[in-house]
Each structure stands twice: as C-alpha cells, then as structure tokens.
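Asks: Structure file data15.cif, mmCIF, C-alpha atoms, is pasted below:
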data_upload
loop_
_atom_site.label_atom_id
_atom_site.label_comp_id
_atom_site.auth_asym_id
_atom_site.auth_seq_id
_atom_site.Cartn_x
_atom_site.Cartn_y
_atom_site.Cartn_z
CA MET A 480 94.63 46.50 112.28
CA ASN A 481 92.83 48.22 109.40
CA PHE A 482 91.76 50.96 111.75
CA ASN A 483 95.36 51.54 112.80
CA LEU A 484 96.51 51.67 109.18
CA ARG A 485 93.77 54.12 108.29
CA THR A 486 94.61 56.23 111.32
CA ALA A 487 98.32 56.26 110.46
CA ALA A 488 97.55 57.23 106.86
CA SER A 489 95.25 60.02 108.00
CA LEU A 490 97.85 61.37 110.40
CA ALA A 491 100.53 61.25 107.71
CA LEU A 492 98.26 63.15 105.32
CA LEU A 493 97.46 65.67 108.04
CA GLY A 494 101.17 66.19 108.59
CA LEU A 495 101.65 66.95 104.90
CA VAL A 496 98.75 69.37 104.89
CA ASN A 497 100.06 71.15 107.98
CA ALA A 498 103.68 71.29 106.83
CA PHE A 499 105.11 74.74 107.50
CA THR A 500 108.26 76.52 106.43
CA TYR A 501 109.17 79.67 108.33
CA GLU A 502 110.13 82.38 105.85
CA ARG A 503 111.87 85.23 107.62
CA LEU A 504 112.19 88.73 106.34
CA ASP A 505 115.57 89.41 104.73
CA LYS A 506 116.64 93.05 104.57
CA ASN A 507 118.58 92.25 101.41
CA ASN A 508 115.50 90.87 99.67
CA ALA A 509 112.74 93.17 100.91
CA LEU A 510 110.90 96.11 99.35
CA LEU A 511 108.95 98.68 101.39
CA LEU A 512 105.64 99.92 99.99
CA ILE A 513 103.95 103.08 101.27
CA VAL A 514 100.40 102.97 99.95
CA ASP A 515 97.86 105.80 100.06
CA MET A 516 98.93 107.15 103.46
CA GLN A 517 97.56 110.48 102.31
CA ASP A 518 96.70 113.53 104.35
CA GLY A 519 93.06 113.45 103.29
CA LEU A 520 92.63 109.71 103.82
CA PHE A 521 94.10 109.86 107.33
CA SER A 522 90.66 110.68 108.73
CA LEU A 523 89.36 107.29 107.54
CA ALA A 524 91.76 105.48 109.89
CA ARG A 525 89.29 105.34 112.77
CA ASP A 526 90.16 101.90 114.12
CA PHE A 527 93.13 103.34 116.06
CA ASP A 528 93.60 106.44 118.17
CA ALA A 529 94.69 109.20 115.76
CA SER A 530 97.93 109.95 117.62
CA VAL A 531 98.85 106.29 117.86
CA TYR A 532 98.08 105.69 114.20
CA ARG A 533 100.05 108.69 112.99
CA ASN A 534 103.08 107.42 114.91
CA SER A 535 102.64 103.93 113.42
CA MET A 536 102.31 105.34 109.92
CA TYR A 537 105.55 107.30 110.23
CA ALA A 538 107.26 104.29 111.85
CA HIS A 539 106.37 102.18 108.83
CA ALA A 540 107.64 104.77 106.39
CA ALA A 541 110.90 105.11 108.33
CA LEU A 542 111.71 101.40 107.93
CA GLY A 543 113.35 102.19 104.62
CA LYS A 544 115.82 104.52 106.29
CA ALA A 545 116.49 102.18 109.17
CA PHE A 546 117.33 99.14 107.04
CA ASP A 547 118.34 100.76 103.76
CA LEU A 548 115.39 99.20 101.95
CA PRO A 549 114.26 100.18 98.48
CA VAL A 550 110.97 102.09 98.65
CA VAL A 551 108.05 102.53 96.29
CA MET A 552 105.32 105.02 97.20
CA THR A 553 101.92 105.51 95.64
CA THR A 554 98.91 107.77 96.01
CA SER A 555 95.34 107.67 94.77
CA SER A 556 93.75 110.78 93.23
CA GLU A 557 95.94 113.05 95.32
CA THR A 558 94.76 116.25 93.60
CA GLY A 559 91.27 115.56 94.98
CA PRO A 560 90.10 115.12 98.58
CA ASN A 561 92.62 112.34 99.24
CA GLY A 562 95.50 114.82 99.24
CA PRO A 563 99.24 114.08 99.08
CA LEU A 564 101.49 111.92 101.21
CA PRO A 565 103.06 113.64 104.23
CA ASP A 566 105.92 115.89 103.07
CA GLU A 567 108.39 114.02 105.26
CA PHE A 568 108.08 110.85 103.19
CA ALA A 569 109.19 112.58 100.01
CA GLN A 570 112.02 114.24 101.94
CA TRP A 571 113.18 110.88 103.29
CA TYR A 572 113.09 109.22 99.86
CA PRO A 573 113.64 111.88 97.20
CA ASN A 574 114.75 109.31 94.64
CA ALA A 575 112.11 106.68 95.31
CA PRO A 576 109.37 106.09 92.73
CA LEU A 577 106.16 107.92 93.61
CA ILE A 578 103.32 106.60 91.49
CA LYS A 579 100.36 108.99 91.41
CA ARG A 580 97.41 106.81 90.40
CA LEU A 581 94.55 108.64 88.75
CA GLY A 582 91.85 106.03 89.19
CA GLU A 583 93.08 102.51 89.93
CA VAL A 584 91.89 101.34 93.34
CA ASP A 585 94.27 98.38 93.35
CA ALA A 586 97.74 99.82 92.79
CA TRP A 587 98.75 96.60 91.01
CA ASP A 588 96.39 97.57 88.18
CA ASN A 589 98.65 100.55 87.45
CA SER A 590 101.38 99.55 85.00
CA GLU A 591 103.85 102.16 86.26
CA PHE A 592 103.48 100.88 89.81
CA ARG A 593 103.89 97.25 88.73
CA GLU A 594 107.02 98.14 86.78
CA ALA A 595 108.49 99.93 89.81
CA VAL A 596 107.89 96.92 92.05
CA VAL A 597 109.32 94.49 89.50
CA ALA A 598 112.34 96.75 88.90
CA ALA A 599 113.22 96.59 92.61
CA ASN A 600 113.95 92.88 92.06
CA LYS A 601 112.89 91.80 95.56
CA SER A 602 110.65 88.87 96.42
CA GLN A 603 109.52 90.05 99.87
CA ILE A 604 107.12 92.98 100.21
CA ILE A 605 106.48 94.98 103.39
CA LEU A 606 103.18 96.78 103.00
CA ALA A 607 100.89 99.19 104.81
CA GLY A 608 98.27 101.65 103.70
CA ILE A 609 94.88 103.30 103.94
CA THR A 610 92.39 101.73 103.88
CA THR A 611 93.15 98.31 105.28
CA ASP A 612 90.21 96.58 103.62
CA VAL A 613 90.52 98.18 100.17
CA CYS A 614 93.80 99.63 98.90
CA LYS A 615 95.99 97.53 101.20
CA THR A 616 94.09 94.25 100.93
CA PHE A 617 93.56 94.44 97.17
CA LEU A 618 97.26 95.09 96.62
CA ALA A 619 98.34 92.39 99.08
CA LEU A 620 96.18 89.81 97.32
CA SER A 621 97.45 90.88 93.90
CA LEU A 622 101.04 90.63 95.09
CA ARG A 623 100.42 87.13 96.43
CA ASP A 624 98.84 86.17 93.13
CA ALA A 625 101.95 87.49 91.36
CA GLY A 626 104.18 85.24 93.50
CA TYR A 627 105.48 87.67 96.11
CA SER A 628 105.76 87.01 99.84
CA VAL A 629 103.88 89.76 101.67
CA TRP A 630 104.22 91.14 105.20
CA ALA A 631 101.30 93.44 106.05
CA ASN A 632 102.03 95.90 108.86
CA HIS A 633 98.66 95.94 110.60
CA GLU A 634 99.53 98.79 112.97
CA ALA A 635 100.35 101.16 110.10
CA SER A 636 97.17 100.44 108.17
CA GLY A 637 93.85 102.02 109.00
CA THR A 638 90.18 101.79 108.14
CA THR A 639 86.81 102.88 109.44
CA THR A 640 86.13 100.24 112.11
CA GLY A 641 87.90 97.51 114.01
CA TYR A 642 85.41 94.96 112.67
CA ILE A 643 86.25 95.85 109.06
CA ARG A 644 89.97 95.74 109.87
CA ASP A 645 89.69 92.28 111.40
CA MET A 646 87.74 90.92 108.43
CA ALA A 647 90.32 92.34 106.01
CA ASN A 648 93.20 90.84 107.99
CA ASP A 649 91.46 87.44 107.96
CA ARG A 650 91.04 87.69 104.20
CA MET A 651 94.73 88.45 103.73
CA ARG A 652 95.84 85.66 106.08
CA ALA A 653 93.75 83.19 104.09
CA ALA A 654 95.78 84.17 101.02
CA GLY A 655 99.10 83.62 102.79
CA VAL A 656 99.79 87.23 103.73
CA GLN A 657 101.71 87.56 107.00
CA VAL A 658 99.82 90.13 109.07
CA VAL A 659 102.35 91.35 111.62
CA SER A 660 103.27 94.16 114.00
CA TYR A 661 105.84 96.89 113.51
CA PHE A 662 108.11 95.38 116.17
CA ALA A 663 107.92 91.98 114.47
CA ILE A 664 109.03 93.55 111.19
CA VAL A 665 111.91 95.39 112.86
CA SER A 666 113.02 92.28 114.72
CA GLU A 667 112.93 90.02 111.67
CA LEU A 668 114.84 92.52 109.55
CA MET A 669 117.45 93.00 112.29
CA ARG A 670 117.55 89.35 113.51
CA ASP A 671 120.42 89.92 115.95
CA TRP A 672 121.10 92.92 118.19
CA ARG A 673 124.78 92.55 117.28
CA ASN A 674 124.12 93.03 113.59
CA ILE A 675 124.34 96.27 111.64
CA PRO A 676 121.83 97.77 111.92
CA GLY A 677 121.60 96.46 115.45
CA ALA A 678 121.34 97.82 118.97
CA LYS A 679 123.26 101.03 118.23
CA GLU A 680 121.06 101.97 115.29
CA ILE A 681 117.73 100.45 116.33
CA PHE A 682 117.37 101.59 119.96
CA PRO A 683 117.03 105.29 118.96
CA ILE A 684 114.41 104.32 116.36
CA LEU A 685 112.44 102.27 118.86
CA ASP A 686 112.70 105.12 121.36
CA GLN A 687 110.99 107.35 118.80
CA TYR A 688 108.38 105.00 117.36
CA LEU A 689 107.96 102.25 119.99
CA PRO A 690 108.40 104.19 123.24
CA ALA A 691 107.42 101.24 125.43
CA TYR A 692 110.60 99.47 124.35
CA GLY A 693 112.57 102.70 124.23
CA MET A 694 111.84 103.19 127.92
CA VAL A 695 113.15 99.68 128.64
CA ALA A 696 116.48 100.77 127.19
CA ARG A 697 116.39 104.08 129.07
CA GLY A 698 115.59 102.31 132.32
CA HIS A 699 118.45 99.88 131.84
CA ARG A 700 120.85 102.71 131.08
CA ALA A 701 119.77 104.61 134.19
CA ALA A 702 120.13 101.51 136.36
CA VAL A 703 123.65 100.86 135.10
CA GLU A 704 124.78 104.48 135.38
CA ASN A 705 123.02 105.54 138.59
CA GLY A 706 121.30 102.51 140.04
CA THR A 707 121.51 101.34 143.62
CA VAL A 708 120.21 97.96 144.75
CA LEU A 709 117.69 98.59 147.53
CA MET A 710 117.33 96.54 150.68
CA GLY A 711 115.13 93.59 149.90
CA GLU A 712 116.05 93.63 146.21
CA ASP A 713 119.40 92.11 147.09
CA ILE A 714 117.77 88.91 148.38
CA LEU A 715 115.41 88.39 145.47
CA PRO A 716 116.13 85.25 143.41
#
Starting from the coordinates I provided, produce the structure as structure tokens.
Replies:
Amino acid sequence: MNFNLRTAASLALLGLVNAFTYERLDKNNALLLIVDMQDGLFSLARDFDASVYRNSMYAHAALGKAFDLPVVMTTSSETGPNGPLPDEFAQWYPNAPLIKRLGEVDAWDNSEFREAVVAANKSQIILAGITTDVCKTFLALSLRDAGYSVWANHEASGTTTGYIRDMANDRMRAAGVQVVSYFAIVSELMRDWRNIPGAKEIFPILDQYLPAYGMVARGHRAAVENGTVLMGEDILP
C-alpha cells in the first residue's frame, strides 16, 4: 500500500515537472531580428552548403515582408572585415532600426539595440544570425533572461562546423529557446492556409525560398490544369 502511494506521488510530481504549454508564434506579437548576417561573416557559415545557406538567410530576412513584422537589424564592426549586411535587407526595411555595434559581441549589451527591441513592444522574438554559437546564442540567452520567448531559425544561422552548431542549439534549448526550421516559423505565423497572409501570399514565397514545397504547388497546378489519369492510376486506392 505504501509502495502504491509513493508511486502515485512520484508520478504526480513527474506530471507537474513535465507539464507543457504550447506557445505558438503570433504574427501580431512577434519581432524579427536579423543579426550579423554580414557579407564578411558569411564565409564563417561552413556548416551548410553556401548556396543553401544564402537562400536560408534571405528567406529569414524576408519573413518581415511576408507577415508585416517589425524588424530590428544589427551588425558587428561592419567597417572592418565583417562588412555590411546585404544591400537587399536595407532596401526591404528602409525604416527599420539598424544598430551598428562597435564592439559588443552580445547585441543585448548594446543599449541602442535593447531600446529598439523594447520599443517594438513584442514578447516573441524570431532570431537568426552568424555565428550560431556566439552572436546568435548569446543574444538568445540574454533575451530569455529578459523574459522574451525566442524562436531561433536554425537554417538561417551559420557557424564553422556542424558539431559546434549542434552544441549551440543544445545550449539554447536548455534555456527554453525554440530551435526551429524556416517552414515551421512560416507555418506557425500563418496557422491556416485560408488566412491572410495565406495560400495566395505564401505559395510564391515558398516557391522562392523553399522550392521543395513550391514544386508541390506547381505539380498540383499542372495536374489540375493539364493532368490525365493514366491506366493503372485509376484503380489505385
């Protein structure tokens, strides 16, 4: 009897420890951060194929346009070897704060950057940057410490090796950072294909930045417009 009581108590405690609340991204409560995705630092992103990573980096930056999110950008020592952000980012967000840090490794240590994030008045942060283990991780941990919910786009962040990336992602997860894919971010922000933005607005974006899914849409369109059911296909369940 005592054993059963102890077991029940242990299971109840375990249930409390493992309690989980699913917090979904809300496009009306989210801020997009573009961190140190600089021309000179791009070469440090060696854990992904360069072409794949460049596409992922631009896909992350374009989230602000797709979902009308407020954006804060920052660079580190851009007049040195790190260089500037890609020109397209400034063209996409001409009115967004661009904080040019002169020495702070963790962007949260820069008062102008902190003020820009606070001024956005959002509690959810979507983040990516170079390098994954330093500028991105330090900022993600600081944001968690400050009380923000953080979604780290792992595809749009780069570092020198896959091993270092995996260790950094584990460190962030342990602090409650949600390390997620680009498609997961898009899907949570959209939530329903019938929303606005929804299928009409998102399919062209996926066709550009997530071609695997873009081709699904193209294939469906072609089947509807020109498709013919072949012999044998008609008897498939």
Asks: Could I get the residues of segment 584-608 of chain A with an atom no further than 8 Å from an atom of segment 628-633 of chain A, each paired with its nearest atom pair and that distance in Å to one decimal, using only C-alpha atoms, sorted by chain and residue number, as a Markdown table?
Replies:
| residue | atom | partner | partner_atom | distance |
| --- | --- | --- | --- | --- |
| A:Ser602 | CA | A:Ser628 | CA | 6.3 |
| A:Gln603 | CA | A:Ser628 | CA | 4.8 |
| A:Ile604 | CA | A:Val629 | CA | 4.8 |
| A:Ile605 | CA | A:Trp630 | CA | 4.8 |
| A:Leu606 | CA | A:Ala631 | CA | 4.9 |
| A:Ala607 | CA | A:Asn632 | CA | 5.3 |
Asks: Which one of A:Gly698, A:Gly655, A:Gly608, A:Pro690 sits closest to Arg623 of chain A if you count all atoms listed in the file?
Replies: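 Ranked by minimum distance to Arg623 of chain A, first place goes to A:Gly655.
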Asks: With a distance cut-off of 9 Å and only C-alpha atoms, select the neighbouring residues of Ile578 of chain A, excluding the residue or stretch itself and same-chain residues fewer than 6 positions from it, and output the selection as a list of chain:residue names.
Replies: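 Once the nearby chain positions are removed, what remains is A:Val551, A:Met552, A:Thr553, A:Thr554, A:Ser555, A:Ala586, A:Asn589, A:Glu591, A:Phe592, A:Ala595.
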Asks: I need the residue set behind the PyMOL selection byres ((chain A and resi 532) around 12) for this file; please write it as a compact mmCIF listing (two decimals) with C-alpha atoms, in the coordinates of the input.
Replies:
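part_15.txt, freshly written:
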# COMPACT_ATOMS: atom_id res chain seq x y z
CA MET A 516 98.93 107.15 103.46
CA PHE A 521 94.10 109.86 107.33
CA SER A 522 90.66 110.68 108.73
CA LEU A 523 89.36 107.29 107.54
CA ALA A 524 91.76 105.48 109.89
CA ARG A 525 89.29 105.34 112.77
CA ASP A 526 90.16 101.90 114.12
CA PHE A 527 93.13 103.34 116.06
CA ASP A 528 93.60 106.44 118.17
CA ALA A 529 94.69 109.20 115.76
CA SER A 530 97.93 109.95 117.62
CA VAL A 531 98.85 106.29 117.86
CA ARG A 533 100.05 108.69 112.99
CA ASN A 534 103.08 107.42 114.91
CA SER A 535 102.64 103.93 113.42
CA MET A 536 102.31 105.34 109.92
CA TYR A 537 105.55 107.30 110.23
CA ALA A 538 107.26 104.29 111.85
CA HIS A 539 106.37 102.18 108.83
CA ALA A 607 100.89 99.19 104.81
CA GLY A 608 98.27 101.65 103.70
CA ILE A 609 94.88 103.30 103.94
CA ASN A 632 102.03 95.90 108.86
CA HIS A 633 98.66 95.94 110.60
CA GLU A 634 99.53 98.79 112.97
CA ALA A 635 100.35 101.16 110.10
CA SER A 636 97.17 100.44 108.17
CA GLY A 637 93.85 102.02 109.00
CA THR A 638 90.18 101.79 108.14
CA TYR A 661 105.84 96.89 113.51
CA TYR A 688 108.38 105.00 117.36
CA LEU A 689 107.96 102.25 119.99
Asks: Determine the residue membership of the PyMOL selection byres ((chain A and resi 664) around 9) for the file above and supply it as a CSV table (one decimal) with C-alpha atoms, in the frame of the given file.
Replies:
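Dumped everything to selection_21.csv:
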chain,number,residue,atom,x,y,z
A,504,LEU,CA,112.2,88.7,106.3
A,542,LEU,CA,111.7,101.4,107.9
A,605,ILE,CA,106.5,95.0,103.4
A,630,TRP,CA,104.2,91.1,105.2
A,632,ASN,CA,102.0,95.9,108.9
A,659,VAL,CA,102.4,91.4,111.6
A,660,SER,CA,103.3,94.2,114.0
A,661,TYR,CA,105.8,96.9,113.5
A,662,PHE,CA,108.1,95.4,116.2
A,663,ALA,CA,107.9,92.0,114.5
A,665,VAL,CA,111.9,95.4,112.9
A,666,SER,CA,113.0,92.3,114.7
A,667,GLU,CA,112.9,90.0,111.7
A,668,LEU,CA,114.8,92.5,109.6
A,669,MET,CA,117.4,93.0,112.3
Asks: Find the distance between atom CA of Gln517 of chain A and atom CA of Asp547 of chain A and write it in Å to one decimal.
Replies: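 According to the coordinates, atom CA of Gln517 of chain A and atom CA of Asp547 of chain A are separated by 23.0 Å.
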Asks: With distances taken over all atoms listed in the file, which residue among A:Glu704, A:Asp624, A:Asp505, A:Asp713 lies nearest Lys601 of chain A?
Replies: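 Among A:Glu704, A:Asp624, A:Asp505, A:Asp713, it is A:Asp505 that comes nearest to Lys601 of chain A.
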Asks: Give the answer as one residue: which of A:Leu512, A:Ala575, A:Ala696, A:Ala540 has the shortest atom-to-atom distance to Trp587 of chain A, using all atoms listed in the file?
Replies: A:Leu512
Asks: For a quick check of understanding, using all atoms listed in the file, which of A:Asp515, A:Val584, A:Pro683, A:Ala509 has the smallest distance to Val596 of chain A?
Replies: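 Under the stated criterion, the closest residue is A:Ala509.
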Asks: Give me the residues near Ala541 of chain A as JSON, numbers by chain, where near means some atom within 10 Å (using all atoms listed in the file) and where sequence neighbours in that chain fewer than 6 positions away do not count.
Replies: {"A": [511, 535, 547, 548, 567, 568, 571, 572, 684, 688]}
Asks: Which one is closest to Ala598 of chain A: A:Gly693, A:Pro549, A:Gly626, A:Gly706? Count only C-alpha atoms.
Replies: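 Of A:Gly693, A:Pro549, A:Gly626, A:Gly706, the one nearest Ala598 of chain A, counting only C-alpha atoms, is A:Pro549.
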Asks: For the atom pair atom CA of Val514 of chain A and atom CA of Val613 of chain A, what is the interatomic distance in Å to one decimal place?
Replies: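 Value for the atom CA of Val514 of chain A-atom CA of Val613 of chain A distance: 11.0 Å.
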Asks: May I have the residues within 9 Å of Glu557 of chain A as a VMD selection string, using only C-alpha atoms and disregarding those fewer than 4 positions away in the same chain?
Replies: chain A and resid 515 517 519 561 to 564 579 to 581
Asks: Counting all atoms listed in the file, figure out which residue out of A:Gly711, A:Met646, A:Ala702, A:Trp672 gets nearest to Thr616 of chain A.
Replies: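 That would be A:Met646, the residue with the smallest distance to Thr616 of chain A.
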Asks: What is the distance, in Å and to one decimal place, between atom CA of Val703 of chain A and atom CA of Lys679 of chain A?
Replies: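 Taking atom CA of Val703 of chain A and atom CA of Lys679 of chain A, their separation equals 16.9 Å.
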